[in-house]
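In what follows, a single structure is set out as structure tokens and then discussed.
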Amino acid sequence: MNLKQLSLPELEQALAPLAPTPTAIRKVFAAVFAHGAGSVEEVCQAPQVPKRVAEHLRAHAELPRLEVVERRQAEDGFVKYLFASPLGGRVEAVRIPIFDEKYIICVSSQVGCALACDFCMTGKLGFQRNLRTWEILDQVLQVRAEADRPVRGVVFMGMGEPLINYAETIRAAQILSHPAGFSISGTSITFSTAGMVPQIRRYTREGHPYRLAFSVTSAIAEKRLKVLPIEKAHPLPELVEAIREYTQVRRERAMIAYVAISGFNLGLEDALALKETFEGIPIKVDLIDVTDPTGKYQPPTAEELKAFRDHLQVLKAPIARRYSGGKDIGAACGTLEASQYGGKVLRPPVAAGVE
């Protein structure tokens with residue numbers, strides 16, 4: 001029984017033959033996730049866990065753990081963790097500082113990625129496998145254990161396409177948002193998708209409280225296909241209709257992630273294409289500078305970005321520029337590839353807070 005793999009209803013089902021009280025089940029669940037127990041014995045010692053439940057856990061339960069291979073800190077305070085899994089493969093997570101108040105953690109959902117977006121280093125690795133729920137959650141558990149500020153959000157924007165790994169990532173989000181789990185608000189958990197239309201529609205039908213961010217990058221189909229091969233499987237009109245359904249059900253603006261690439265997708269024609277494509281759909285646009293270590297794609301100049309933001313006024317929609325930090329350690333959007341970069345290598349902390 002992998003205690004890090006089970007949602008609260010699944011834990012209830014697993015322990016049902018022992019007839020524990022609802023309180024006892026929540027105490028076990030909270031010991032694992034809210035308190036980050038380091039061993040099964042710690043779970044057994046939690047208050048109000050009956051002896052028969054503790055004996056069953058000692059005999060049948062496990063708390064597997066990822067290995068922290070390395071931590072690197074960037075000049076801007078971002079910290080990247082490189083993890084190795086006992087199930088095989090390496091993944092990365094990023095601790096993102098939000099002013100001096102809190103952290104958001106960017107987690108990986110797959111080892112590698114099958115979508116092969118042309119500006120993304122993870123895509124160049126190819127796909128190895130989906131992560132299990134416990135591997136996703138252990139990224140958060142281990143980063144949180146070393147944090148000197150509270151963790152208030154999680155973004156599924158690391159290695160992999162989270163909606164391909166739908167069941168495992170949704171279960172992870174359910175545990176992250178549960179009051180007895182990580183107690184992170186559902187609105188502070190975001191899934192980024194390059195456009196997995198069937199899963200987007202499923203997500204909308206199921207009515208999850210988490211947010212989706214839709215990677216569009218160009219509303220001109222020919223351009224989008226050059227950098228996002230998923231355009232061939234799920235063409236833009238199909239994606240747009242799924243986004244329309246999402247906004248109608250959610251009654252909120254859709255977050256359109258737009259990777260800004262110099263000389264490629266920042267002209268007036270690109271802004272007008274966005275306007276035409278999303279006519280009648282409430283959106284907000286997140287501009288993200290491309291970060292491509294190969295040098296094939298370059299981020300926009302200040303002049304290009306200013307001109308494009310002016311062009312985007314035709315949308316009459318909120319426009320934001322997302323800061324993609326940790327560039328010097330390979331922690332920026334599109335640079336995760338489970339390899340070494342520069343930055344300061346951190347020692348394991350002696351106590352709470354990274355030294």
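Convention: chains lettered A, B, ... in structure tokens order; per-chain residue numbering from 1; ligands numbered from 1 as shown.
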
### Residue contacts of Glu62 in chain A (10 Å, only C-alpha atoms) excluding same-chain residues fewer than 4 positions away, as number ranges by chain
A: 1-5, 39-41, 57-58

Let's have the selection written as a compact mmCIF listing (two decimals), in the first residue's frame, with C-alpha atoms.
# COMPACT_ATOMS: atom_id res chain seq x y z
CA MET A 1 0.00 0.00 0.00
CA ASN A 2 1.76 3.13 -1.25
CA LEU A 3 0.43 5.84 1.06
CA LYS A 4 1.66 8.63 -1.21
CA GLN A 5 -0.37 7.26 -4.11
CA SER A 39 8.48 6.89 7.43
CA VAL A 40 5.54 4.56 7.90
CA GLU A 41 6.36 4.46 11.59
CA LEU A 57 0.28 -0.11 8.04
CA ARG A 58 3.53 -1.48 9.48

If we count only C-alpha atoms, what is near Thr335 in chain A at a cut-off of 9 Å, once residues fewer than 3 positions away on the same chain are taken out, given as a PDB file with C-alpha atoms, in the first residue's frame?
ATOM      1  CA  PHE A 119      11.589  25.525 -28.758  1.00  0.00           C
ATOM      2  CA  CYS A 120      11.432  23.172 -25.742  1.00  0.00           C
ATOM      3  CA  MET A 121      14.433  21.208 -24.499  1.00  0.00           C
ATOM      4  CA  THR A 122      12.231  18.652 -22.724  1.00  0.00           C
ATOM      5  CA  THR A 291      14.236  30.555 -23.801  1.00  0.00           C
ATOM      6  CA  ASP A 292      16.038  28.304 -26.258  1.00  0.00           C
ATOM      7  CA  PRO A 293      19.573  27.217 -25.281  1.00  0.00           C
ATOM      8  CA  LYS A 327      17.595  31.000 -16.911  1.00  0.00           C
ATOM      9  CA  GLY A 330      18.050  25.839 -16.885  1.00  0.00           C
ATOM     10  CA  ALA A 331      14.893  26.436 -14.845  1.00  0.00           C
ATOM     11  CA  ALA A 332      13.111  28.750 -17.280  1.00  0.00           C
TER      12      ALA A 332
END

Name all residues at most 8 Å from Asp328 in chain A (count only C-alpha atoms; drop same-chain ones fewer than 6 positions away) and give them as a PDB file with N, CA, C and O atoms, in the first residue's frame.
ATOM      1  N   ALA A  74      19.466  29.936  -8.781  1.00  0.00           N
ATOM      2  CA  ALA A  74      19.762  30.965  -9.775  1.00  0.00           C
ATOM      3  C   ALA A  74      19.974  32.314  -9.085  1.00  0.00           C
ATOM      4  O   ALA A  74      19.660  32.508  -7.912  1.00  0.00           O
ATOM      5  N   GLU A  75      20.471  33.250  -9.852  1.00  0.00           N
ATOM      6  CA  GLU A  75      20.716  34.584  -9.315  1.00  0.00           C
ATOM      7  C   GLU A  75      19.429  35.266  -8.872  1.00  0.00           C
ATOM      8  O   GLU A  75      19.436  36.101  -7.967  1.00  0.00           O
ATOM      9  N   TYR A 341      23.399  22.683 -15.163  1.00  0.00           N
ATOM     10  CA  TYR A 341      23.643  24.033 -15.663  1.00  0.00           C
ATOM     11  C   TYR A 341      24.529  24.735 -14.650  1.00  0.00           C
ATOM     12  O   TYR A 341      25.108  24.103 -13.768  1.00  0.00           O
ATOM     13  N   GLY A 342      24.585  26.054 -14.754  1.00  0.00           N
ATOM     14  CA  GLY A 342      25.372  26.836 -13.809  1.00  0.00           C
ATOM     15  C   GLY A 342      24.601  27.091 -12.531  1.00  0.00           C
ATOM     16  O   GLY A 342      23.778  26.296 -12.095  1.00  0.00           O
ATOM     17  N   GLY A 343      24.845  28.255 -11.942  1.00  0.00           N
ATOM     18  CA  GLY A 343      24.185  28.599 -10.698  1.00  0.00           C
ATOM     19  C   GLY A 343      24.907  28.033  -9.497  1.00  0.00           C
ATOM     20  O   GLY A 343      25.921  27.338  -9.597  1.00  0.00           O
TER      21      GLY A 343
END

### Long-range neighbours of Ala242 in chain A as a PyMOL selection string, 7 Å cut-off, only C-alpha atoms, 5 positions minimum in chain
chain A and resi 197+200-201

Would you output that residue set with C-alpha atoms, as a PDB file, in the first residue's frame?
ATOM      1  CA  VAL A 197      -8.466  18.545 -26.914  1.00  0.00           C
ATOM      2  CA  ILE A 200      -9.598  19.406 -22.131  1.00  0.00           C
ATOM      3  CA  ARG A 201     -13.192  18.469 -22.872  1.00  0.00           C
TER       4      ARG A 201
END

Got a sec: who's within 10 Å of Val43 in chain A, counting only C-alpha atoms, leaving out chain neighbours fewer than 5 positions off, as a PDB file with C-alpha atoms, in the first residue's frame?
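What landed in out_7.pdb:
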ATOM      1  CA  LEU A   3       0.433   5.837   1.062  1.00  0.00           C
ATOM      2  CA  LYS A  27      -5.106  11.429  10.537  1.00  0.00           C
ATOM      3  CA  VAL A  28      -3.245   8.891   8.395  1.00  0.00           C
ATOM      4  CA  PHE A  29      -3.814  10.994   5.271  1.00  0.00           C
ATOM      5  CA  ALA A  30      -2.709  14.195   7.032  1.00  0.00           C
ATOM      6  CA  ALA A  31       0.376  12.527   8.478  1.00  0.00           C
ATOM      7  CA  VAL A  32       1.536  11.642   4.969  1.00  0.00           C
ATOM      8  CA  HIS A  35       2.889  16.786   7.904  1.00  0.00           C
ATOM      9  CA  GLY A  36       5.191  15.042   5.426  1.00  0.00           C
ATOM     10  CA  ALA A  37       5.935  11.918   7.442  1.00  0.00           C
ATOM     11  CA  GLY A  38       9.326  10.493   6.602  1.00  0.00           C
ATOM     12  CA  VAL A  49      -4.467   6.214  14.711  1.00  0.00           C
ATOM     13  CA  ALA A  54      -1.002   1.015  12.828  1.00  0.00           C
ATOM     14  CA  LEU A  57       0.285  -0.113   8.037  1.00  0.00           C
ATOM     15  CA  ARG A  58       3.527  -1.481   9.480  1.00  0.00           C
ATOM     16  CA  ALA A  61       2.337   0.193   3.775  1.00  0.00           C
ATOM     17  CA  LEU A  63       6.352   5.611   1.652  1.00  0.00           C
TER      18      LEU A  63
END

### Query
Excluding same-chain residues fewer than 3 positions from Ile256 in chain A, what lies within 9 Å of it counting only C-alpha atoms, as a ChimeraX atom specification?
/A:213-217,283-287
